[in-house]
file start.pdb (PDB, C-alpha atoms)
ATOM      1  CA  MET A 290      12.789 -27.352 -26.784  1.00  0.00           C
ATOM      2  CA  ALA A 291      11.534 -25.114 -23.979  1.00  0.00           C
ATOM      3  CA  ARG A 292       9.341 -26.638 -21.304  1.00  0.00           C
ATOM      4  CA  THR A 293       5.788 -25.409 -20.965  1.00  0.00           C
ATOM      5  CA  ARG A 294       5.179 -23.370 -17.832  1.00  0.00           C
ATOM      6  CA  GLU A 295       2.876 -25.318 -15.515  1.00  0.00           C
ATOM      7  CA  PHE A 296       1.803 -22.491 -13.227  1.00  0.00           C
ATOM      8  CA  LYS A 297       0.003 -19.195 -13.496  1.00  0.00           C
ATOM      9  CA  ILE A 298       2.203 -16.152 -12.978  1.00  0.00           C
ATOM     10  CA  ASP A 299      -0.615 -14.251 -11.243  1.00  0.00           C
ATOM     11  CA  ASP A 300      -1.011 -17.061  -8.693  1.00  0.00           C
ATOM     12  CA  VAL A 301       2.726 -17.102  -8.010  1.00  0.00           C
ATOM     13  CA  LEU A 302       2.817 -13.313  -7.645  1.00  0.00           C
ATOM     14  CA  ASN A 303      -0.059 -13.350  -5.162  1.00  0.00           C
ATOM     15  CA  GLN A 304       1.489 -16.185  -3.132  1.00  0.00           C
ATOM     16  CA  ALA A 305       4.942 -14.600  -3.081  1.00  0.00           C
ATOM     17  CA  MET A 306       3.407 -11.194  -2.322  1.00  0.00           C
ATOM     18  CA  GLU A 307       1.798 -12.630   0.818  1.00  0.00           C
ATOM     19  CA  ALA A 308       5.173 -13.965   1.985  1.00  0.00           C
ATOM     20  CA  PHE A 309       6.935 -10.639   1.406  1.00  0.00           C
ATOM     21  CA  TRP A 310       4.039  -8.734   2.958  1.00  0.00           C
ATOM     22  CA  LYS A 311       4.059 -10.793   6.160  1.00  0.00           C
ATOM     23  CA  ARG A 312       7.813 -10.977   6.709  1.00  0.00           C
ATOM     24  CA  GLY A 313       9.273  -8.062   4.776  1.00  0.00           C
ATOM     25  CA  TYR A 314      11.749  -8.296   1.949  1.00  0.00           C
ATOM     26  CA  ALA A 315      14.868  -8.864   4.047  1.00  0.00           C
ATOM     27  CA  ALA A 316      13.340 -11.550   6.264  1.00  0.00           C
ATOM     28  CA  THR A 317      11.790 -13.478   3.355  1.00  0.00           C
ATOM     29  CA  SER A 318      14.218 -16.102   2.127  1.00  0.00           C
ATOM     30  CA  MET A 319      13.991 -17.838  -1.210  1.00  0.00           C
ATOM     31  CA  ALA A 320      13.107 -20.992   0.748  1.00  0.00           C
ATOM     32  CA  ASP A 321      10.090 -19.057   2.092  1.00  0.00           C
ATOM     33  CA  ILE A 322       9.146 -18.167  -1.490  1.00  0.00           C
ATOM     34  CA  TYR A 323       9.489 -21.797  -2.619  1.00  0.00           C
ATOM     35  CA  ASP A 324       7.255 -22.867   0.282  1.00  0.00           C
ATOM     36  CA  ALA A 325       4.678 -20.136  -0.419  1.00  0.00           C
ATOM     37  CA  THR A 326       4.474 -20.815  -4.144  1.00  0.00           C
ATOM     38  CA  GLY A 327       5.159 -24.537  -4.250  1.00  0.00           C
ATOM     39  CA  LEU A 328       7.730 -23.922  -7.007  1.00  0.00           C
ATOM     40  CA  LYS A 329      11.221 -25.303  -7.279  1.00  0.00           C
ATOM     41  CA  PRO A 330      14.158 -22.926  -7.773  1.00  0.00           C
ATOM     42  CA  GLY A 331      14.517 -23.698 -11.495  1.00  0.00           C
ATOM     43  CA  SER A 332      10.900 -22.835 -12.238  1.00  0.00           C
ATOM     44  CA  LEU A 333      10.997 -19.663 -10.176  1.00  0.00           C
ATOM     45  CA  TYR A 334      14.247 -18.409 -11.691  1.00  0.00           C
ATOM     46  CA  ALA A 335      13.026 -19.237 -15.194  1.00  0.00           C
ATOM     47  CA  ALA A 336      10.086 -16.879 -14.618  1.00  0.00           C
ATOM     48  CA  PHE A 337      11.879 -14.216 -12.552  1.00  0.00           C
ATOM     49  CA  LYS A 338      15.510 -13.186 -12.825  1.00  0.00           C
ATOM     50  CA  ASP A 339      16.070 -12.889  -9.081  1.00  0.00           C
ATOM     51  CA  LYS A 340      14.458 -12.125  -5.726  1.00  0.00           C
ATOM     52  CA  GLU A 341      14.465  -8.382  -6.407  1.00  0.00           C
ATOM     53  CA  GLU A 342      12.635  -8.738  -9.726  1.00  0.00           C
ATOM     54  CA  LEU A 343      10.114 -11.088  -8.118  1.00  0.00           C
ATOM     55  CA  PHE A 344       9.571  -8.582  -5.316  1.00  0.00           C
ATOM     56  CA  ARG A 345       9.028  -5.693  -7.741  1.00  0.00           C
ATOM     57  CA  ARG A 346       6.455  -7.725  -9.646  1.00  0.00           C
ATOM     58  CA  CYS A 347       4.753  -8.634  -6.350  1.00  0.00           C
ATOM     59  CA  PHE A 348       4.854  -4.980  -5.328  1.00  0.00           C
ATOM     60  CA  GLU A 349       3.075  -3.966  -8.543  1.00  0.00           C
ATOM     61  CA  THR A 350       0.494  -6.705  -7.918  1.00  0.00           C
ATOM     62  CA  TYR A 351      -0.073  -5.213  -4.467  1.00  0.00           C
ATOM     63  CA  ALA A 352      -0.298  -1.717  -5.985  1.00  0.00           C
ATOM     64  CA  SER A 353      -3.120  -2.851  -8.248  1.00  0.00           C
ATOM     65  CA  HIS A 354      -5.009  -4.197  -5.197  1.00  0.00           C
ATOM     66  CA  PHE A 355      -4.307  -0.908  -3.406  1.00  0.00           C
ATOM     67  CA  ARG A 356      -5.677   1.141  -6.323  1.00  0.00           C
ATOM     68  CA  ALA A 357      -8.894  -0.870  -6.167  1.00  0.00           C
ATOM     69  CA  THR A 358      -9.513   0.499  -2.658  1.00  0.00           C
ATOM     70  CA  LEU A 359      -9.663   4.090  -3.899  1.00  0.00           C
ATOM     71  CA  PRO A 360     -13.293   5.278  -4.007  1.00  0.00           C
ATOM     72  CA  GLN A 361     -14.666   5.536  -7.531  1.00  0.00           C
ATOM     73  CA  ASP A 362     -18.223   6.465  -6.612  1.00  0.00           C
ATOM     74  CA  ARG A 363     -17.444   9.576  -4.539  1.00  0.00           C
ATOM     75  CA  SER A 364     -15.428  12.731  -4.785  1.00  0.00           C
ATOM     76  CA  GLY A 365     -14.195  15.550  -2.607  1.00  0.00           C
ATOM     77  CA  LEU A 366     -14.532  15.128   1.142  1.00  0.00           C
ATOM     78  CA  ALA A 367     -16.745  12.047   0.810  1.00  0.00           C
ATOM     79  CA  ALA A 368     -13.959  10.200  -1.052  1.00  0.00           C
ATOM     80  CA  ILE A 369     -11.318  11.267   1.474  1.00  0.00           C
ATOM     81  CA  GLU A 370     -13.440  10.327   4.480  1.00  0.00           C
ATOM     82  CA  ALA A 371     -14.410   6.957   2.984  1.00  0.00           C
ATOM     83  CA  TRP A 372     -10.838   6.059   2.070  1.00  0.00           C
ATOM     84  CA  LEU A 373      -9.397   7.061   5.453  1.00  0.00           C
ATOM     85  CA  ALA A 374     -12.072   4.982   7.196  1.00  0.00           C
ATOM     86  CA  LEU A 375     -11.351   2.008   4.927  1.00  0.00           C
ATOM     87  CA  GLN A 376      -7.614   2.228   5.547  1.00  0.00           C
ATOM     88  CA  ALA A 377      -8.206   2.347   9.307  1.00  0.00           C
ATOM     89  CA  LYS A 378     -10.482  -0.688   9.055  1.00  0.00           C
ATOM     90  CA  LEU A 379      -7.987  -2.648   6.952  1.00  0.00           C
ATOM     91  CA  ALA A 380      -5.137  -1.789   9.330  1.00  0.00           C
ATOM     92  CA  ALA A 381      -7.063  -2.629  12.499  1.00  0.00           C
ATOM     93  CA  ASP A 382      -8.974  -5.698  11.304  1.00  0.00           C
ATOM     94  CA  ASP A 383      -6.089  -7.623   9.727  1.00  0.00           C
ATOM     95  CA  PRO A 384      -5.472 -10.552  12.115  1.00  0.00           C
ATOM     96  CA  GLU A 385      -1.917 -10.959  10.806  1.00  0.00           C
ATOM     97  CA  ARG A 386      -1.150  -7.230  11.162  1.00  0.00           C
ATOM     98  CA  LYS A 387       0.771  -7.141   7.885  1.00  0.00           C
ATOM     99  CA  GLY A 388       0.317  -3.389   7.484  1.00  0.00           C
ATOM    100  CA  CYS A 389       0.664  -2.043   3.957  1.00  0.00           C
ATOM    101  CA  LEU A 390       3.275  -3.435   1.582  1.00  0.00           C
ATOM    102  CA  ILE A 391       3.921   0.068   0.253  1.00  0.00           C
ATOM    103  CA  ILE A 392       4.671   1.454   3.721  1.00  0.00           C
ATOM    104  CA  ASN A 393       6.561  -1.696   4.734  1.00  0.00           C
ATOM    105  CA  THR A 394       8.756  -1.283   1.658  1.00  0.00           C
ATOM    106  CA  VAL A 395       9.402   2.381   2.409  1.00  0.00           C
ATOM    107  CA  THR A 396      10.531   1.499   5.932  1.00  0.00           C
ATOM    108  CA  GLU A 397      12.938  -1.131   4.539  1.00  0.00           C
ATOM    109  CA  ARG A 398      14.276   1.316   1.954  1.00  0.00           C
ATOM    110  CA  ASP A 399      17.978   0.775   2.657  1.00  0.00           C
ATOM    111  CA  ILE A 400      17.899  -2.860   1.557  1.00  0.00           C
ATOM    112  CA  HIS A 401      16.086  -2.194  -1.726  1.00  0.00           C
ATOM    113  CA  SER A 402      17.508  -1.248  -5.074  1.00  0.00           C
ATOM    114  CA  ALA A 403      17.004   2.230  -6.489  1.00  0.00           C
ATOM    115  CA  ALA A 404      14.356   0.793  -8.846  1.00  0.00           C
ATOM    116  CA  THR A 405      12.325  -0.632  -5.964  1.00  0.00           C
ATOM    117  CA  ARG A 406      12.680   2.566  -3.939  1.00  0.00           C
ATOM    118  CA  ALA A 407      11.393   4.483  -6.956  1.00  0.00           C
ATOM    119  CA  LEU A 408       8.354   2.174  -7.161  1.00  0.00           C
ATOM    120  CA  ALA A 409       7.585   2.758  -3.482  1.00  0.00           C
ATOM    121  CA  SER A 410       8.001   6.524  -3.837  1.00  0.00           C
ATOM    122  CA  GLY A 411       5.687   6.435  -6.829  1.00  0.00           C
ATOM    123  CA  ARG A 412       2.968   4.706  -4.838  1.00  0.00           C
ATOM    124  CA  LEU A 413       3.307   7.281  -2.028  1.00  0.00           C
ATOM    125  CA  GLN A 414       2.928   9.964  -4.683  1.00  0.00           C
ATOM    126  CA  GLU A 415      -0.229   8.212  -5.937  1.00  0.00           C
ATOM    127  CA  ILE A 416      -1.702   8.424  -2.443  1.00  0.00           C
ATOM    128  CA  ARG A 417      -0.770  12.096  -2.190  1.00  0.00           C
ATOM    129  CA  ASP A 418      -2.227  12.731  -5.668  1.00  0.00           C
ATOM    130  CA  PHE A 419      -5.497  11.118  -4.569  1.00  0.00           C
ATOM    131  CA  PHE A 420      -5.691  13.529  -1.642  1.00  0.00           C
ATOM    132  CA  THR A 421      -4.639  16.529  -3.749  1.00  0.00           C
ATOM    133  CA  ARG A 422      -7.273  15.792  -6.393  1.00  0.00           C
ATOM    134  CA  HIS A 423     -10.114  15.343  -3.909  1.00  0.00           C
ATOM    135  CA  LEU A 424      -9.095  18.291  -1.768  1.00  0.00           C
ATOM    136  CA  ALA A 425      -9.131  20.510  -4.883  1.00  0.00           C
ATOM    137  CA  LEU A 426     -12.611  19.187  -5.705  1.00  0.00           C
ATOM    138  CA  ALA A 427     -13.696  19.899  -2.119  1.00  0.00           C
ATOM    139  CA  VAL A 428     -12.406  23.477  -2.353  1.00  0.00           C
ATOM    140  CA  ALA A 429     -14.224  24.004  -5.669  1.00  0.00           C
ATOM    141  CA  ALA A 430     -17.460  22.581  -4.192  1.00  0.00           C
ATOM    142  CA  GLY A 431     -17.230  24.769  -1.086  1.00  0.00           C
ATOM    143  CA  GLU A 432     -16.870  21.740   1.190  1.00  0.00           C
ATOM    144  CA  VAL A 433     -13.740  23.221   2.761  1.00  0.00           C
ATOM    145  CA  ARG A 434     -12.622  26.783   3.352  1.00  0.00           C
ATOM    146  CA  LYS A 435     -11.231  28.489   0.256  1.00  0.00           C
ATOM    147  CA  THR A 436      -8.000  29.336   2.123  1.00  0.00           C
ATOM    148  CA  LEU A 437      -7.152  25.673   2.737  1.00  0.00           C
ATOM    149  CA  SER A 438      -3.688  24.844   1.424  1.00  0.00           C
ATOM    150  CA  VAL A 439      -4.358  21.788  -0.704  1.00  0.00           C
ATOM    151  CA  GLU A 440      -0.641  20.936  -0.869  1.00  0.00           C
ATOM    152  CA  VAL A 441      -0.073  21.145   2.883  1.00  0.00           C
ATOM    153  CA  GLN A 442      -3.252  19.226   3.683  1.00  0.00           C
ATOM    154  CA  ALA A 443      -2.424  16.504   1.123  1.00  0.00           C
ATOM    155  CA  ASP A 444       0.950  16.063   2.838  1.00  0.00           C
ATOM    156  CA  ALA A 445      -0.735  15.841   6.255  1.00  0.00           C
ATOM    157  CA  LEU A 446      -3.245  13.263   5.021  1.00  0.00           C
ATOM    158  CA  LEU A 447      -0.457  11.194   3.454  1.00  0.00           C
ATOM    159  CA  GLY A 448       1.337  11.307   6.808  1.00  0.00           C
ATOM    160  CA  ALA A 449      -1.836  10.141   8.546  1.00  0.00           C
ATOM    161  CA  VAL A 450      -2.186   7.165   6.186  1.00  0.00           C
ATOM    162  CA  VAL A 451       1.462   6.214   6.706  1.00  0.00           C
ATOM    163  CA  GLY A 452       0.833   6.431  10.463  1.00  0.00           C
ATOM    164  CA  ILE A 453      -2.333   4.345  10.231  1.00  0.00           C
ATOM    165  CA  MET A 454      -0.532   1.599   8.329  1.00  0.00           C
ATOM    166  CA  ALA A 455       2.490   1.654  10.636  1.00  0.00           C
ATOM    167  CA  LEU A 456       0.190   1.463  13.674  1.00  0.00           C
ATOM    168  CA  GLY A 457      -1.643  -1.451  12.070  1.00  0.00           C
ATOM    169  CA  ARG A 458       1.618  -3.341  11.524  1.00  0.00           C
ATOM    170  CA  ALA A 459       2.675  -2.525  15.092  1.00  0.00           C
ATOM    171  CA  GLY A 460      -0.525  -4.108  16.449  1.00  0.00           C
ATOM    172  CA  ALA A 461      -2.058  -0.903  17.843  1.00  0.00           C
ATOM    173  CA  ASP A 462      -5.644  -1.237  19.006  1.00  0.00           C
ATOM    174  CA  LYS A 463      -8.532  -0.419  16.716  1.00  0.00           C
ATOM    175  CA  ARG A 464      -9.622   2.639  18.716  1.00  0.00           C
ATOM    176  CA  LEU A 465      -6.221   4.310  18.310  1.00  0.00           C
ATOM    177  CA  ILE A 466      -6.098   3.614  14.566  1.00  0.00           C
ATOM    178  CA  GLU A 467      -9.648   4.899  14.051  1.00  0.00           C
ATOM    179  CA  ASN A 468      -8.876   7.998  16.138  1.00  0.00           C
ATOM    180  CA  VAL A 469      -5.926   8.837  13.880  1.00  0.00           C
ATOM    181  CA  ALA A 470      -8.140   8.566  10.788  1.00  0.00           C
ATOM    182  CA  GLN A 471     -10.901  10.672  12.376  1.00  0.00           C
ATOM    183  CA  ALA A 472      -8.443  13.325  13.583  1.00  0.00           C
ATOM    184  CA  ALA A 473      -6.903  13.579  10.113  1.00  0.00           C
ATOM    185  CA  PHE A 474     -10.318  14.257   8.600  1.00  0.00           C
ATOM    186  CA  ALA A 475     -11.853  16.407  11.370  1.00  0.00           C
ATOM    187  CA  PRO A 476     -10.325  19.798  10.445  1.00  0.00           C
ATOM    188  CA  LEU A 477     -11.340  19.578   6.775  1.00  0.00           C
ATOM    189  CA  PRO A 478     -15.071  20.377   6.530  1.00  0.00           C
ATOM    190  CA  ALA A 479     -15.889  24.081   6.275  1.00  0.00           C
TER
END
call {"tool": "encode", "arguments": {"input": "start.pdb", "output": "structure tokens"}}
result
Amino acid sequence: MARTREFKIDDVLNQAMEAFWKRGYAATSMADIYDATGLKPGSLYAAFKDKEELFRRCFETYASHFRATLPQDRSGLAAIEAWLALQAKLAADDPERKGCLIINTVTERDIHSAATRALASGRLQEIRDFFTRHLALAVAAGEVRKTLSVEVQADALLGAVVGIMALGRAGADKRLIENVAQAAFAPLPA
């Protein structure tokens, strides 16, 4: 007869996610995961096949938190400006300077499986899609010049967000991080 699981998967995913987020995938040992979750190896491996599967599930948990930061009450330039400012604030105000798990995963790409790399690439594409969608709305609303290349600008804004998160993880000062966000937005308004 199978034993009843005595823990909540969502709690374990959040606890393990924090460990991976702070240390990175490579530097997080299974002992670190046991300490973070309070689970014994048998319980953890009964719920997750291996470290890689656990990480992917944690990564998707993080992605759902990330999606919640995208503005729902604004569109066009207002959404872009608000989200850039929020990302700068999150990067600069995090006392642990964890950065962004998406960006951290991308920078550790060589140690991840193809499936995990695909997840990370998908989340980068989500960020780019957010910018593309709101830039197109801004063009249609006349908030930006009609000649603006939405594709090029979406790429530049994605690069700015990657830079903001990397600077946050590196411990850069708040002024620098905020300046990057402001400079990324400054050329947009018509």
call {"tool": "atom_distance", "arguments": {"input": "start.pdb", "atom1": "atom CA of A:Ala377", "atom2": "atom CA of A:Ile466"}}
result
5.8 Å
call {"tool": "closest_atom_pairs", "arguments": {"input": "start.pdb", "of": "stretch 304-346 of chain A", "to": "stretch 389-408 of chain A", "cutoff": "10 Å", "atoms": "all atoms listed in the file", "output": "Markdown table"}}
result
| residue | atom | partner | partner_atom | distance |
| --- | --- | --- | --- | --- |
| A:Met306 | CA | A:Leu390 | CA | 8.7 |
| A:Glu307 | CA | A:Leu390 | CA | 9.3 |
| A:Phe309 | CA | A:Leu390 | CA | 8.1 |
| A:Trp310 | CA | A:Leu390 | CA | 5.5 |
| A:Lys311 | CA | A:Leu390 | CA | 8.7 |
| A:Arg312 | CA | A:Asn393 | CA | 9.6 |
| A:Gly313 | CA | A:Asn393 | CA | 6.9 |
| A:Tyr314 | CA | A:Thr394 | CA | 7.6 |
| A:Ala315 | CA | A:Ile400 | CA | 7.2 |
| A:Glu341 | CA | A:Ser402 | CA | 7.9 |
| A:Glu342 | CA | A:Thr405 | CA | 8.9 |
| A:Phe344 | CA | A:Thr405 | CA | 8.4 |
| A:Arg345 | CA | A:Thr405 | CA | 6.3 |
| A:Arg346 | CA | A:Thr405 | CA | 9.9 |
call {"tool": "atom_distance", "arguments": {"input": "start.pdb", "atom1": "atom CA of A:Ile369", "atom2": "atom CA of A:Ala352"}}
result
18.6 Å
call {"tool": "atom_distance", "arguments": {"input": "start.pdb", "atom1": "atom CA of A:Val433", "atom2": "atom CA of A:Lys463"}}
result
27.9 Å
call {"tool": "resolve_selection", "arguments": {"input": "start.pdb", "expression": "the PyMOL selection byres ((chain A and resi 479) around 8)", "output": "ChimeraX atom specification"}}
result
/A:431-434,477-478
